[in-house]
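Enquirer: Next comes the structure file input-v3.cif, holding mmCIF, C-alpha atoms.
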```cif
data_protein
loop_
_atom_site.group_PDB
_atom_site.id
_atom_site.type_symbol
_atom_site.label_atom_id
_atom_site.label_comp_id
_atom_site.auth_asym_id
_atom_site.auth_seq_id
_atom_site.Cartn_x
_atom_site.Cartn_y
_atom_site.Cartn_z
ATOM 1 C CA MET A 1197 122.169 82.381 50.907
ATOM 2 C CA LEU A 1198 124.964 82.167 53.461
ATOM 3 C CA VAL A 1199 123.866 83.092 56.986
ATOM 4 C CA THR A 1200 125.066 82.918 60.582
ATOM 5 C CA LEU A 1201 123.478 80.882 63.367
ATOM 6 C CA ASN A 1202 121.897 84.062 64.745
ATOM 7 C CA GLU A 1203 119.844 84.385 61.573
ATOM 8 C CA ILE A 1204 118.208 80.972 61.965
ATOM 9 C CA LEU A 1205 118.490 79.512 65.485
ATOM 10 C CA PRO A 1206 116.751 82.128 67.695
ATOM 11 C CA GLN A 1207 113.645 81.853 65.529
ATOM 12 C CA ALA A 1208 113.836 78.062 65.667
ATOM 13 C CA ARG A 1209 113.849 78.099 69.466
ATOM 14 C CA LYS A 1210 111.070 80.681 69.588
ATOM 15 C CA LYS A 1211 108.816 78.738 67.213
ATOM 16 C CA GLY A 1212 109.575 75.279 68.563
ATOM 17 C CA TYR A 1213 111.586 73.537 65.870
ATOM 18 C CA ALA A 1214 115.255 72.657 65.386
ATOM 19 C CA VAL A 1215 117.581 73.310 62.468
ATOM 20 C CA GLY A 1216 119.607 70.321 61.328
ATOM 21 C CA ALA A 1217 123.403 70.506 61.178
ATOM 22 C CA PHE A 1218 124.650 67.890 58.732
ATOM 23 C CA ASN A 1219 128.327 67.017 58.323
ATOM 24 C CA THR A 1220 129.986 66.947 54.934
ATOM 25 C CA SER A 1221 133.419 66.190 53.546
ATOM 26 C CA ASN A 1222 132.857 66.144 49.776
ATOM 27 C CA LEU A 1223 130.773 67.358 46.840
ATOM 28 C CA GLU A 1224 128.161 64.597 46.822
ATOM 29 C CA ILE A 1225 127.314 64.836 50.517
ATOM 30 C CA THR A 1226 127.002 68.618 50.251
ATOM 31 C CA GLN A 1227 124.733 68.305 47.212
ATOM 32 C CA ALA A 1228 122.503 65.843 49.035
ATOM 33 C CA ILE A 1229 122.211 68.063 52.117
ATOM 34 C CA LEU A 1230 121.358 71.192 50.157
ATOM 35 C CA ASP A 1231 119.001 69.469 47.724
ATOM 36 C CA ALA A 1232 117.097 67.993 50.660
ATOM 37 C CA ALA A 1233 116.871 71.331 52.469
ATOM 38 C CA VAL A 1234 115.686 73.111 49.313
ATOM 39 C CA ASN A 1235 113.046 70.440 48.718
ATOM 40 C CA MET A 1236 111.830 70.770 52.296
ATOM 41 C CA LYS A 1237 112.066 74.591 52.300
ATOM 42 C CA SER A 1238 114.152 74.402 55.447
ATOM 43 C CA PRO A 1239 117.121 76.382 56.739
ATOM 44 C CA VAL A 1240 120.148 74.148 57.110
ATOM 45 C CA ILE A 1241 123.620 74.073 58.634
ATOM 46 C CA VAL A 1242 126.399 72.419 56.633
ATOM 47 C CA ALA A 1243 129.112 71.373 59.077
ATOM 48 C CA THR A 1244 132.680 70.208 58.653
ATOM 49 C CA SER A 1245 134.846 68.575 61.280
ATOM 50 C CA GLU A 1246 138.577 69.191 61.533
ATOM 51 C CA LYS A 1247 139.127 65.757 59.996
ATOM 52 C CA ALA A 1248 136.899 66.653 57.034
ATOM 53 C CA ILE A 1249 138.908 69.834 56.547
ATOM 54 C CA ARG A 1250 142.146 67.861 56.495
ATOM 55 C CA TYR A 1251 140.590 65.394 54.042
ATOM 56 C CA ALA A 1252 139.241 67.930 51.547
ATOM 57 C CA GLY A 1253 141.458 70.961 52.184
ATOM 58 C CA ILE A 1254 140.022 74.054 53.830
ATOM 59 C CA GLU A 1255 140.083 76.205 50.696
ATOM 60 C CA ASN A 1256 138.346 73.503 48.656
ATOM 61 C CA ILE A 1257 135.608 72.649 51.146
ATOM 62 C CA ALA A 1258 134.929 76.254 52.131
ATOM 63 C CA SER A 1259 134.749 77.644 48.605
ATOM 64 C CA MET A 1260 132.531 74.765 47.452
ATOM 65 C CA VAL A 1261 129.983 75.087 50.249
ATOM 66 C CA ILE A 1262 129.969 78.890 50.137
ATOM 67 C CA ARG A 1263 129.340 78.940 46.400
ATOM 68 C CA MET A 1264 126.553 76.395 46.681
ATOM 69 C CA ALA A 1265 125.020 78.237 49.641
ATOM 70 C CA GLN A 1266 125.013 81.540 47.771
ATOM 71 C CA THR A 1267 122.935 80.065 44.959
ATOM 72 C CA ALA A 1268 120.549 78.088 47.197
ATOM 73 C CA LYS A 1269 117.174 79.705 47.850
ATOM 74 C CA ILE A 1270 117.272 78.852 51.548
ATOM 75 C CA PRO A 1271 119.371 80.056 54.516
ATOM 76 C CA VAL A 1272 122.590 78.022 54.769
ATOM 77 C CA ALA A 1273 125.226 78.316 57.506
ATOM 78 C CA LEU A 1274 128.734 76.946 56.965
ATOM 79 C CA HIS A 1275 129.819 75.739 60.387
ATOM 80 C CA LEU A 1276 132.955 74.287 61.960
ATOM 81 C CA ASP A 1277 131.978 71.287 64.085
ATOM 82 C CA HIS A 1278 133.997 70.567 67.262
ATOM 83 C CA GLY A 1279 136.863 72.959 66.648
ATOM 84 C CA LYS A 1280 139.466 72.205 69.290
ATOM 85 C CA SER A 1281 141.650 75.307 69.130
ATOM 86 C CA TYR A 1282 141.655 79.037 68.538
ATOM 87 C CA ASP A 1283 143.847 78.547 65.488
ATOM 88 C CA VAL A 1284 141.473 76.219 63.640
ATOM 89 C CA CYS A 1285 138.510 78.507 64.405
ATOM 90 C CA ARG A 1286 140.471 81.496 63.141
ATOM 91 C CA GLU A 1287 141.430 79.712 59.912
ATOM 92 C CA CYS A 1288 137.820 78.731 59.233
ATOM 93 C CA ILE A 1289 136.675 82.313 59.809
ATOM 94 C CA ARG A 1290 139.367 83.596 57.472
ATOM 95 C CA HIS A 1291 138.177 81.179 54.792
ATOM 96 C CA GLY A 1292 134.590 82.377 54.953
ATOM 97 C CA TYR A 1293 132.827 80.151 57.487
ATOM 98 C CA SER A 1294 129.766 81.923 58.866
ATOM 99 C CA SER A 1295 129.882 80.018 62.154
ATOM 100 C CA VAL A 1296 132.365 78.045 64.254
ATOM 101 C CA MET A 1297 132.163 75.745 67.230
ATOM 102 C CA ILE A 1298 134.901 75.939 69.797
ATOM 103 C CA ASP A 1299 134.685 72.740 71.819
ATOM 104 C CA ALA A 1300 136.828 73.315 74.887
ATOM 105 C CA SER A 1301 134.725 70.991 77.048
ATOM 106 C CA TYR A 1302 137.809 68.823 77.528
ATOM 107 C CA LEU A 1303 139.349 71.663 79.566
ATOM 108 C CA SER A 1304 138.508 72.888 83.064
ATOM 109 C CA TYR A 1305 135.527 75.229 83.376
ATOM 110 C CA GLN A 1306 137.740 78.305 83.689
ATOM 111 C CA ASP A 1307 139.925 77.337 80.733
ATOM 112 C CA ASN A 1308 136.823 76.538 78.665
ATOM 113 C CA VAL A 1309 135.506 80.044 79.381
ATOM 114 C CA LYS A 1310 138.869 81.622 78.608
ATOM 115 C CA LEU A 1311 139.315 79.889 75.237
ATOM 116 C CA THR A 1312 135.687 80.389 74.233
ATOM 117 C CA ARG A 1313 135.853 84.123 75.021
ATOM 118 C CA ARG A 1314 138.983 84.440 72.881
ATOM 119 C CA VAL A 1315 137.270 82.768 69.919
ATOM 120 C CA VAL A 1316 134.112 84.836 70.448
ATOM 121 C CA ARG A 1317 136.066 88.108 70.351
ATOM 122 C CA PHE A 1318 137.704 87.246 67.031
ATOM 123 C CA ALA A 1319 134.553 85.741 65.521
ATOM 124 C CA HIS A 1320 132.223 88.585 66.461
ATOM 125 C CA LYS A 1321 134.721 91.104 65.121
ATOM 126 C CA ASN A 1322 134.328 89.266 61.800
ATOM 127 C CA LYS A 1323 130.523 88.945 62.095
ATOM 128 C CA VAL A 1324 130.715 85.176 62.646
ATOM 129 C CA THR A 1325 128.709 83.270 65.269
ATOM 130 C CA VAL A 1326 130.132 80.882 67.860
ATOM 131 C CA GLU A 1327 128.813 77.674 69.373
ATOM 132 C CA ALA A 1328 130.445 76.387 72.553
ATOM 133 C CA GLU A 1329 129.982 73.292 74.714
ATOM 134 C CA ILE A 1330 129.551 72.689 78.423
ATOM 135 C CA GLY A 1331 129.467 69.072 79.618
ATOM 136 C CA ARG A 1332 131.006 66.177 77.681
ATOM 137 C CA LEU A 1333 129.437 63.635 75.323
ATOM 138 C CA ALA A 1334 130.731 60.071 75.246
ATOM 139 C CA GLY A 1335 131.591 58.260 72.014
ATOM 140 C CA ILE A 1336 133.863 58.594 69.003
ATOM 141 C CA GLU A 1337 133.395 60.745 65.911
ATOM 142 C CA ASP A 1338 136.330 61.916 63.794
ATOM 143 C CA ASP A 1339 138.693 63.683 66.222
ATOM 144 C CA VAL A 1340 136.240 63.558 69.142
ATOM 145 C CA ALA A 1341 136.839 60.631 71.505
ATOM 146 C CA VAL A 1342 135.460 60.595 75.055
ATOM 147 C CA LYS A 1343 135.296 57.469 77.223
ATOM 148 C CA LYS A 1344 131.956 56.838 78.923
ATOM 149 C CA ARG A 1345 133.468 57.272 82.386
ATOM 150 C CA ASP A 1346 134.662 60.750 81.375
ATOM 151 C CA ALA A 1347 131.305 61.909 80.003
ATOM 152 C CA LEU A 1348 129.477 64.522 82.058
ATOM 153 C CA TYR A 1349 125.908 65.797 82.069
ATOM 154 C CA THR A 1350 125.652 69.551 81.747
ATOM 155 C CA ASP A 1351 125.022 71.331 85.033
ATOM 156 C CA PRO A 1352 122.187 73.885 84.491
ATOM 157 C CA GLN A 1353 123.612 76.504 86.849
ATOM 158 C CA GLU A 1354 127.058 76.156 85.314
ATOM 159 C CA ALA A 1355 125.530 76.433 81.834
ATOM 160 C CA GLN A 1356 123.848 79.694 82.798
ATOM 161 C CA ARG A 1357 127.089 81.191 84.113
ATOM 162 C CA PHE A 1358 129.035 79.945 81.119
ATOM 163 C CA ALA A 1359 126.642 81.402 78.546
ATOM 164 C CA LEU A 1360 126.690 84.801 80.221
ATOM 165 C CA VAL A 1361 130.444 84.990 80.747
ATOM 166 C CA ALA A 1362 131.661 83.314 77.546
ATOM 167 C CA GLY A 1363 129.375 85.309 75.251
ATOM 168 C CA CYS A 1364 128.724 82.465 72.793
ATOM 169 C CA ASP A 1365 125.721 82.501 70.449
ATOM 170 C CA ALA A 1366 124.659 78.849 70.928
ATOM 171 C CA LEU A 1367 125.433 76.273 73.576
ATOM 172 C CA ALA A 1368 125.835 72.510 73.141
ATOM 173 C CA VAL A 1369 124.666 70.536 76.169
ATOM 174 C CA ALA A 1370 125.142 66.963 77.343
ATOM 175 C CA ILE A 1371 121.910 65.191 78.308
ATOM 176 C CA GLY A 1372 122.693 61.570 77.477
ATOM 177 C CA THR A 1373 123.491 61.356 73.769
ATOM 178 C CA SER A 1374 126.841 60.174 72.424
ATOM 179 C CA HIS A 1375 128.775 60.219 69.180
ATOM 180 C CA GLY A 1376 128.863 57.272 66.808
ATOM 181 C CA ALA A 1377 126.500 54.386 65.999
ATOM 182 C CA TYR A 1378 126.487 52.717 69.433
ATOM 183 C CA LYS A 1379 124.811 55.293 71.670
ATOM 184 C CA PHE A 1380 122.978 53.167 74.238
ATOM 185 C CA LYS A 1381 123.472 49.708 75.737
ATOM 186 C CA GLY A 1382 119.976 49.499 77.181
ATOM 187 C CA LYS A 1383 116.816 51.464 76.530
ATOM 188 C CA PRO A 1384 117.519 54.859 74.935
ATOM 189 C CA LYS A 1385 117.091 57.650 77.464
ATOM 190 C CA LEU A 1386 117.732 61.384 77.508
ATOM 191 C CA ARG A 1387 117.795 63.551 80.614
ATOM 192 C CA ILE A 1388 114.924 65.799 79.588
ATOM 193 C CA ASP A 1389 114.668 66.951 83.200
ATOM 194 C CA ILE A 1390 118.155 68.445 82.940
ATOM 195 C CA LEU A 1391 117.318 69.984 79.567
ATOM 196 C CA LYS A 1392 114.196 71.644 80.974
ATOM 197 C CA GLU A 1393 116.220 73.247 83.759
ATOM 198 C CA ILE A 1394 118.945 74.380 81.342
ATOM 199 C CA ALA A 1395 116.328 75.941 79.058
ATOM 200 C CA GLN A 1396 114.903 77.886 81.995
ATOM 201 C CA HIS A 1397 118.281 79.454 82.727
ATOM 202 C CA VAL A 1398 119.937 79.733 79.288
ATOM 203 C CA LYS A 1399 118.221 81.927 76.738
ATOM 204 C CA ILE A 1400 120.535 81.423 73.769
ATOM 205 C CA PRO A 1401 119.795 78.501 71.393
ATOM 206 C CA LEU A 1402 120.674 75.056 72.735
ATOM 207 C CA VAL A 1403 122.374 72.355 70.666
ATOM 208 C CA LEU A 1404 122.160 68.561 70.755
ATOM 209 C CA HIS A 1405 125.144 66.592 69.460
ATOM 210 C CA GLY A 1406 125.351 62.824 69.000
ATOM 211 C CA ALA A 1407 121.715 62.682 67.900
ATOM 212 C CA SER A 1408 121.716 60.346 64.877
ATOM 213 C CA GLY A 1409 118.822 57.880 64.752
ATOM 214 C CA VAL A 1410 120.883 54.916 63.430
ATOM 215 C CA LYS A 1411 117.668 53.355 62.143
ATOM 216 C CA ALA A 1412 117.335 49.659 61.444
ATOM 217 C CA GLN A 1413 116.139 50.213 57.874
ATOM 218 C CA TRP A 1414 119.504 51.722 56.924
ATOM 219 C CA ILE A 1415 121.616 49.328 58.973
ATOM 220 C CA ASN A 1416 119.786 46.448 57.291
ATOM 221 C CA ARG A 1417 120.508 47.872 53.825
ATOM 222 C CA VAL A 1418 124.214 48.092 54.640
ATOM 223 C CA ASN A 1419 124.297 44.530 55.962
ATOM 224 C CA LYS A 1420 122.211 43.139 53.120
ATOM 225 C CA PHE A 1421 125.019 43.972 50.721
ATOM 226 C CA GLY A 1422 128.010 42.799 52.736
ATOM 227 C CA GLY A 1423 128.202 45.122 55.730
ATOM 228 C CA THR A 1424 128.718 43.882 59.275
ATOM 229 C CA LEU A 1425 127.159 46.579 61.447
ATOM 230 C CA ALA A 1426 125.711 45.005 64.594
ATOM 231 C CA HIS A 1427 124.283 46.073 67.957
ATOM 232 C CA THR A 1428 123.876 49.671 66.802
ATOM 233 C CA LYS A 1429 121.473 51.955 68.603
ATOM 234 C CA GLY A 1430 120.592 55.605 67.999
ATOM 235 C CA VAL A 1431 118.276 58.260 69.399
ATOM 236 C CA PRO A 1432 114.595 57.559 68.660
ATOM 237 C CA ASP A 1433 112.546 60.243 66.879
ATOM 238 C CA THR A 1434 110.223 60.523 69.869
ATOM 239 C CA LEU A 1435 113.097 61.594 72.139
ATOM 240 C CA LEU A 1436 114.387 64.100 69.589
ATOM 241 C CA LYS A 1437 110.958 65.686 69.251
ATOM 242 C CA LYS A 1438 110.718 65.881 73.032
ATOM 243 C CA ALA A 1439 114.128 67.559 73.214
ATOM 244 C CA VAL A 1440 113.027 70.112 70.617
ATOM 245 C CA ARG A 1441 109.872 70.873 72.598
ATOM 246 C CA HIS A 1442 112.031 71.633 75.615
ATOM 247 C CA GLY A 1443 114.535 74.016 74.066
ATOM 248 C CA ILE A 1444 116.858 72.314 71.556
ATOM 249 C CA ALA A 1445 117.171 74.501 68.442
ATOM 250 C CA LYS A 1446 120.049 72.797 66.585
ATOM 251 C CA ILE A 1447 120.519 69.053 66.139
ATOM 252 C CA ASN A 1448 123.678 67.500 64.694
ATOM 253 C CA THR A 1449 123.604 64.507 62.350
ATOM 254 C CA ASP A 1450 126.672 62.763 60.949
ATOM 255 C CA THR A 1451 126.523 59.008 61.590
ATOM 256 C CA ASP A 1452 123.178 58.660 59.790
ATOM 257 C CA LEU A 1453 124.682 60.217 56.662
ATOM 258 C CA ARG A 1454 127.683 57.903 56.739
ATOM 259 C CA ILE A 1455 125.469 54.847 57.055
ATOM 260 C CA ALA A 1456 123.178 55.986 54.220
ATOM 261 C CA PHE A 1457 126.130 56.738 51.961
ATOM 262 C CA THR A 1458 127.661 53.327 52.680
ATOM 263 C CA ALA A 1459 124.317 51.620 51.994
ATOM 264 C CA GLY A 1460 123.999 53.398 48.659
ATOM 265 C CA VAL A 1461 127.497 52.546 47.485
ATOM 266 C CA ARG A 1462 127.307 48.908 48.624
ATOM 267 C CA GLU A 1463 123.920 48.396 47.013
ATOM 268 C CA HIS A 1464 124.989 49.903 43.699
ATOM 269 C CA LEU A 1465 128.164 47.827 43.483
ATOM 270 C CA ALA A 1466 126.277 44.649 44.400
ATOM 271 C CA ARG A 1467 123.591 45.237 41.801
ATOM 272 C CA HIS A 1468 125.989 46.494 39.126
ATOM 273 C CA PRO A 1469 129.264 44.587 39.646
ATOM 274 C CA SER A 1470 130.649 45.584 36.262
ATOM 275 C CA ASP A 1471 130.104 49.336 36.829
ATOM 276 C CA PHE A 1472 133.301 51.297 37.362
ATOM 277 C CA ASP A 1473 131.896 54.808 36.881
ATOM 278 C CA PRO A 1474 132.531 56.592 40.209
ATOM 279 C CA ARG A 1475 129.751 59.077 39.470
ATOM 280 C CA ALA A 1476 127.201 56.272 39.400
ATOM 281 C CA VAL A 1477 128.651 54.510 42.435
ATOM 282 C CA ILE A 1478 128.919 57.605 44.610
ATOM 283 C CA GLY A 1479 125.773 59.095 43.137
ATOM 284 C CA ASN A 1480 123.687 56.337 44.672
ATOM 285 C CA GLY A 1481 125.118 57.236 48.058
ATOM 286 C CA ARG A 1482 124.086 60.837 47.423
ATOM 287 C CA VAL A 1483 120.501 59.732 46.705
ATOM 288 C CA PHE A 1484 120.321 57.844 49.990
ATOM 289 C CA ILE A 1485 121.777 60.743 51.986
ATOM 290 C CA GLN A 1486 119.186 63.112 50.561
ATOM 291 C CA GLN A 1487 116.438 60.756 51.719
ATOM 292 C CA VAL A 1488 117.885 60.689 55.241
ATOM 293 C CA VAL A 1489 118.280 64.479 55.440
ATOM 294 C CA GLU A 1490 114.692 65.024 54.320
ATOM 295 C CA GLU A 1491 113.533 62.514 56.924
ATOM 296 C CA ARG A 1492 115.536 64.278 59.643
ATOM 297 C CA ILE A 1493 114.138 67.678 58.682
ATOM 298 C CA ARG A 1494 110.621 66.301 59.135
ATOM 299 C CA VAL A 1495 111.535 65.011 62.601
ATOM 300 C CA PHE A 1496 113.129 68.331 63.588
ATOM 301 C CA GLY A 1497 110.041 70.226 62.374
ATOM 302 C CA SER A 1498 111.918 72.821 60.302
ATOM 303 C CA MET A 1499 110.224 72.214 56.957
ATOM 304 C CA ASN A 1500 108.634 75.314 55.369
ATOM 305 C CA SER A 1501 110.647 77.575 57.736
ATOM 306 C CA ALA A 1502 113.123 78.949 55.185
#
```
Write the structure described by the file as structure tokens, please.
Expert:
Amino acid sequence: MLVTLNEILPQARKKGYAVGAFNTSNLEITQAILDAAVNMKSPVIVATSEKAIRYAGIENIASMVIRMAQTAKIPVALHLDHGKSYDVCRECIRHGYSSVMIDASYLSYQDNVKLTRRVVRFAHKNKVTVEAEIGRLAGIEDDVAVKKRDALYTDPQEAQRFALVAGCDALAVAIGTSHGAYKFKGKPKLRIDILKEIAQHVKIPLVLHGASGVKAQWINRVNKFGGTLAHTKGVPDTLLKKAVRHGIAKINTDTDLRIAFTAGVREHLARHPSDFDPRAVIGNGRVFIQQVVEERIRVFGSMNSA
């Protein structure tokens, strides 16, 4: 069934688990996400970036996910990830999204509040939830590109003011993660101290972006069959679990799905070089993505919560 963030995230924060938000751009990725969530009896958030919308077409991607969500026996939110403007949020709402993220963290604090409030007014009028962001994550993912020197940790006091004034339903915070497959140069570290203080002041659900694990087992499978991914580093499970214990209720995953999909396709083509059936080639990527999503749901602790 299609739900908003308010139907799944407050309970997640209250009970000490996080709901996974997994990015999709096509049929096979969406199938893998939903099949995994159904198997794990977990609520799930299916997210699309602006780039994914341009790739698939908003009517196509929205109608596909909505139809699949309506027939799934778990709560499913269709969510816009990192929407950069009022117009794109409005279009997603008009096409049936149950939730949108307005990411105006690239603006000044006052302009971030102003744009977020505008999106919130339109979204709430249409019974749609809104995620916003305060602080800036480094890294590159689709249309999001922030240089490390421009990344900012979230200020707890500012987060409290922002949540109250902007009226958003969930708040993404910056505590040391980054987008992409190259998150840390040294030992992985998250500012759990900052998160603890934010959680004390902000009562709406908190969101962690840039949280893919980028695990060696999947990198090795890509490279075994011709890939050249090197020096990658993600967020360890232990840090994610710690973040959940201290207030994170929604965790985004995109890079891990891309790596798993690539591993599946490369492995199938290497093992079956004469196969030219796209369903078989892409289908193997779908199998691998489902495995990753199920693994992530276990880490987030949301299994059997649907």
Enquirer: Would you mind listing what lies within 9 Å of region 1439-1449 of chain A as an mmCIF file with C-alpha atoms, keeping the file's coordinate frame, with only C-alpha atoms counted and same-chain residues fewer than 3 positions away left out?
Expert:
```cif
data_model
loop_
_atom_site.group_PDB
_atom_site.id
_atom_site.type_symbol
_atom_site.label_atom_id
_atom_site.label_comp_id
_atom_site.auth_asym_id
_atom_site.auth_seq_id
_atom_site.Cartn_x
_atom_site.Cartn_y
_atom_site.Cartn_z
ATOM 1 C CA LEU A 1205 118.490 79.512 65.485
ATOM 2 C CA PRO A 1206 116.751 82.128 67.695
ATOM 3 C CA GLN A 1207 113.645 81.853 65.529
ATOM 4 C CA ALA A 1208 113.836 78.062 65.667
ATOM 5 C CA ARG A 1209 113.849 78.099 69.466
ATOM 6 C CA LYS A 1210 111.070 80.681 69.588
ATOM 7 C CA GLY A 1212 109.575 75.279 68.563
ATOM 8 C CA TYR A 1213 111.586 73.537 65.870
ATOM 9 C CA ALA A 1214 115.255 72.657 65.386
ATOM 10 C CA VAL A 1215 117.581 73.310 62.468
ATOM 11 C CA GLY A 1216 119.607 70.321 61.328
ATOM 12 C CA ALA A 1217 123.403 70.506 61.178
ATOM 13 C CA PHE A 1218 124.650 67.890 58.732
ATOM 14 C CA ASN A 1219 128.327 67.017 58.323
ATOM 15 C CA ILE A 1241 123.620 74.073 58.634
ATOM 16 C CA ALA A 1243 129.112 71.373 59.077
ATOM 17 C CA ALA A 1366 124.659 78.849 70.928
ATOM 18 C CA ALA A 1368 125.835 72.510 73.141
ATOM 19 C CA LEU A 1386 117.732 61.384 77.508
ATOM 20 C CA ILE A 1388 114.924 65.799 79.588
ATOM 21 C CA LEU A 1391 117.318 69.984 79.567
ATOM 22 C CA LYS A 1392 114.196 71.644 80.974
ATOM 23 C CA ILE A 1394 118.945 74.380 81.342
ATOM 24 C CA ALA A 1395 116.328 75.941 79.058
ATOM 25 C CA GLN A 1396 114.903 77.886 81.995
ATOM 26 C CA PRO A 1401 119.795 78.501 71.393
ATOM 27 C CA LEU A 1402 120.674 75.056 72.735
ATOM 28 C CA VAL A 1403 122.374 72.355 70.666
ATOM 29 C CA LEU A 1404 122.160 68.561 70.755
ATOM 30 C CA HIS A 1405 125.144 66.592 69.460
ATOM 31 C CA GLY A 1406 125.351 62.824 69.000
ATOM 32 C CA ALA A 1407 121.715 62.682 67.900
ATOM 33 C CA SER A 1408 121.716 60.346 64.877
ATOM 34 C CA GLY A 1409 118.822 57.880 64.752
ATOM 35 C CA THR A 1434 110.223 60.523 69.869
ATOM 36 C CA LEU A 1435 113.097 61.594 72.139
ATOM 37 C CA LEU A 1436 114.387 64.100 69.589
ATOM 38 C CA ASP A 1452 123.178 58.660 59.790
ATOM 39 C CA LEU A 1453 124.682 60.217 56.662
ATOM 40 C CA VAL A 1489 118.280 64.479 55.440
ATOM 41 C CA ARG A 1492 115.536 64.278 59.643
ATOM 42 C CA PHE A 1496 113.129 68.331 63.588
ATOM 43 C CA GLY A 1497 110.041 70.226 62.374
#
```
Enquirer: Would you mind reading off the distance between CA of Val1431 (chain A) and CA of Val1410 (chain A), one decimal, in Å?
Expert: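 Atom-to-atom, CA of Val1431 (chain A) and CA of Val1410 (chain A) are spaced 7.3 Å apart.
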Enquirer: Could you list, as a ChimeraX atom specification, every residue within 8 Å of Asp1351 (chain A), counting all atoms listed in the file and ignoring same-chain residues fewer than 3 positions away?
Expert: /A:1331,1354-1355,1390,1394
Enquirer: With the file shown as input, list the residues that the PyMOL selection byres ((chain A and resi 1480-1485) around 10) selects, as a PyMOL selection string.
Expert: chain A and resi 1223-1229+1231-1232+1414+1452-1465+1474-1479+1486-1491
Enquirer: Put those residues in a file: C-alpha atoms, as a PDB file, in the coordinates of the input.
Expert:
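Below is the file part_31.pdb, written as the result:
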```
ATOM      1  CA  LEU A1223     130.773  67.358  46.840  1.00  0.00           C
ATOM      2  CA  GLU A1224     128.161  64.597  46.822  1.00  0.00           C
ATOM      3  CA  ILE A1225     127.314  64.836  50.517  1.00  0.00           C
ATOM      4  CA  THR A1226     127.002  68.618  50.251  1.00  0.00           C
ATOM      5  CA  GLN A1227     124.733  68.305  47.212  1.00  0.00           C
ATOM      6  CA  ALA A1228     122.503  65.843  49.035  1.00  0.00           C
ATOM      7  CA  ILE A1229     122.211  68.063  52.117  1.00  0.00           C
ATOM      8  CA  ASP A1231     119.001  69.469  47.724  1.00  0.00           C
ATOM      9  CA  ALA A1232     117.097  67.993  50.660  1.00  0.00           C
ATOM     10  CA  TRP A1414     119.504  51.722  56.924  1.00  0.00           C
ATOM     11  CA  ASP A1452     123.178  58.660  59.790  1.00  0.00           C
ATOM     12  CA  LEU A1453     124.682  60.217  56.662  1.00  0.00           C
ATOM     13  CA  ARG A1454     127.683  57.903  56.739  1.00  0.00           C
ATOM     14  CA  ILE A1455     125.469  54.847  57.055  1.00  0.00           C
ATOM     15  CA  ALA A1456     123.178  55.986  54.220  1.00  0.00           C
ATOM     16  CA  PHE A1457     126.130  56.738  51.961  1.00  0.00           C
ATOM     17  CA  THR A1458     127.661  53.327  52.680  1.00  0.00           C
ATOM     18  CA  ALA A1459     124.317  51.620  51.994  1.00  0.00           C
ATOM     19  CA  GLY A1460     123.999  53.398  48.659  1.00  0.00           C
ATOM     20  CA  VAL A1461     127.497  52.546  47.485  1.00  0.00           C
ATOM     21  CA  ARG A1462     127.307  48.908  48.624  1.00  0.00           C
ATOM     22  CA  GLU A1463     123.920  48.396  47.013  1.00  0.00           C
ATOM     23  CA  HIS A1464     124.989  49.903  43.699  1.00  0.00           C
ATOM     24  CA  LEU A1465     128.164  47.827  43.483  1.00  0.00           C
ATOM     25  CA  PRO A1474     132.531  56.592  40.209  1.00  0.00           C
ATOM     26  CA  ARG A1475     129.751  59.077  39.470  1.00  0.00           C
ATOM     27  CA  ALA A1476     127.201  56.272  39.400  1.00  0.00           C
ATOM     28  CA  VAL A1477     128.651  54.510  42.435  1.00  0.00           C
ATOM     29  CA  ILE A1478     128.919  57.605  44.610  1.00  0.00           C
ATOM     30  CA  GLY A1479     125.773  59.095  43.137  1.00  0.00           C
ATOM     31  CA  GLN A1486     119.186  63.112  50.561  1.00  0.00           C
ATOM     32  CA  GLN A1487     116.438  60.756  51.719  1.00  0.00           C
ATOM     33  CA  VAL A1488     117.885  60.689  55.241  1.00  0.00           C
ATOM     34  CA  VAL A1489     118.280  64.479  55.440  1.00  0.00           C
ATOM     35  CA  GLU A1490     114.692  65.024  54.320  1.00  0.00           C
ATOM     36  CA  GLU A1491     113.533  62.514  56.924  1.00  0.00           C
TER      37      GLU A1491
END
```
Enquirer: So the first atom is CA of Asp1433 (chain A) and the second is CA of Ala1412 (chain A); what is the distance between them in Å, to one decimal place?
Expert: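 Taking CA of Asp1433 (chain A) and CA of Ala1412 (chain A), their separation equals 12.8 Å.
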Enquirer: Work out how far CA of Asp1389 (chain A) is from CA of Gln1306 (chain A), in Å to one decimal.
Expert: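 Rounded to one decimal, the two atoms are 25.7 Å apart.
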Enquirer: Using only C-alpha atoms, determine which residues lie at most 9 Å from Met1236 (chain A), disregarding the query and same-chain residues fewer than 4 positions distant; provide the list as number ranges by chain.
Expert: A: 1231-1232, 1490, 1493-1494, 1498-1502
Enquirer: Report as a PyMOL selection string the residues that result from applying the PyMOL selection byres ((chain A and resi 1248-1250) around 10) to the structure here.
Expert: chain A and resi 1219-1222+1243-1247+1251-1258+1276-1277+1284+1288+1338-1339
Enquirer: Excluding Ala1265 (chain A) and any residue of its chain fewer than 2 positions from it, enumerate the residues within 12 Å of it, using only C-alpha atoms, and give them as a ChimeraX atom specification.
Expert: /A:1197-1200,1226-1227,1229-1231,1233-1234,1239-1242,1258-1263,1267-1274,1292-1294
Enquirer: On this structure, the PyMOL selection byres ((chain A and resi 1317-1319) around 9) would catch which residues? List them as number ranges by chain, sorted by chain and number.
Expert: A: 1285-1286, 1289, 1295-1296, 1312-1316, 1320-1326, 1363
Enquirer: Taking all atoms listed in the file into account, which of A:Pro1432, A:Ala1370, A:Asp1365, A:Ile1204 comes nearest Arg1387 (chain A)?
Expert: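 Closest to Arg1387 (chain A), using all atoms listed in the file: A:Ala1370.
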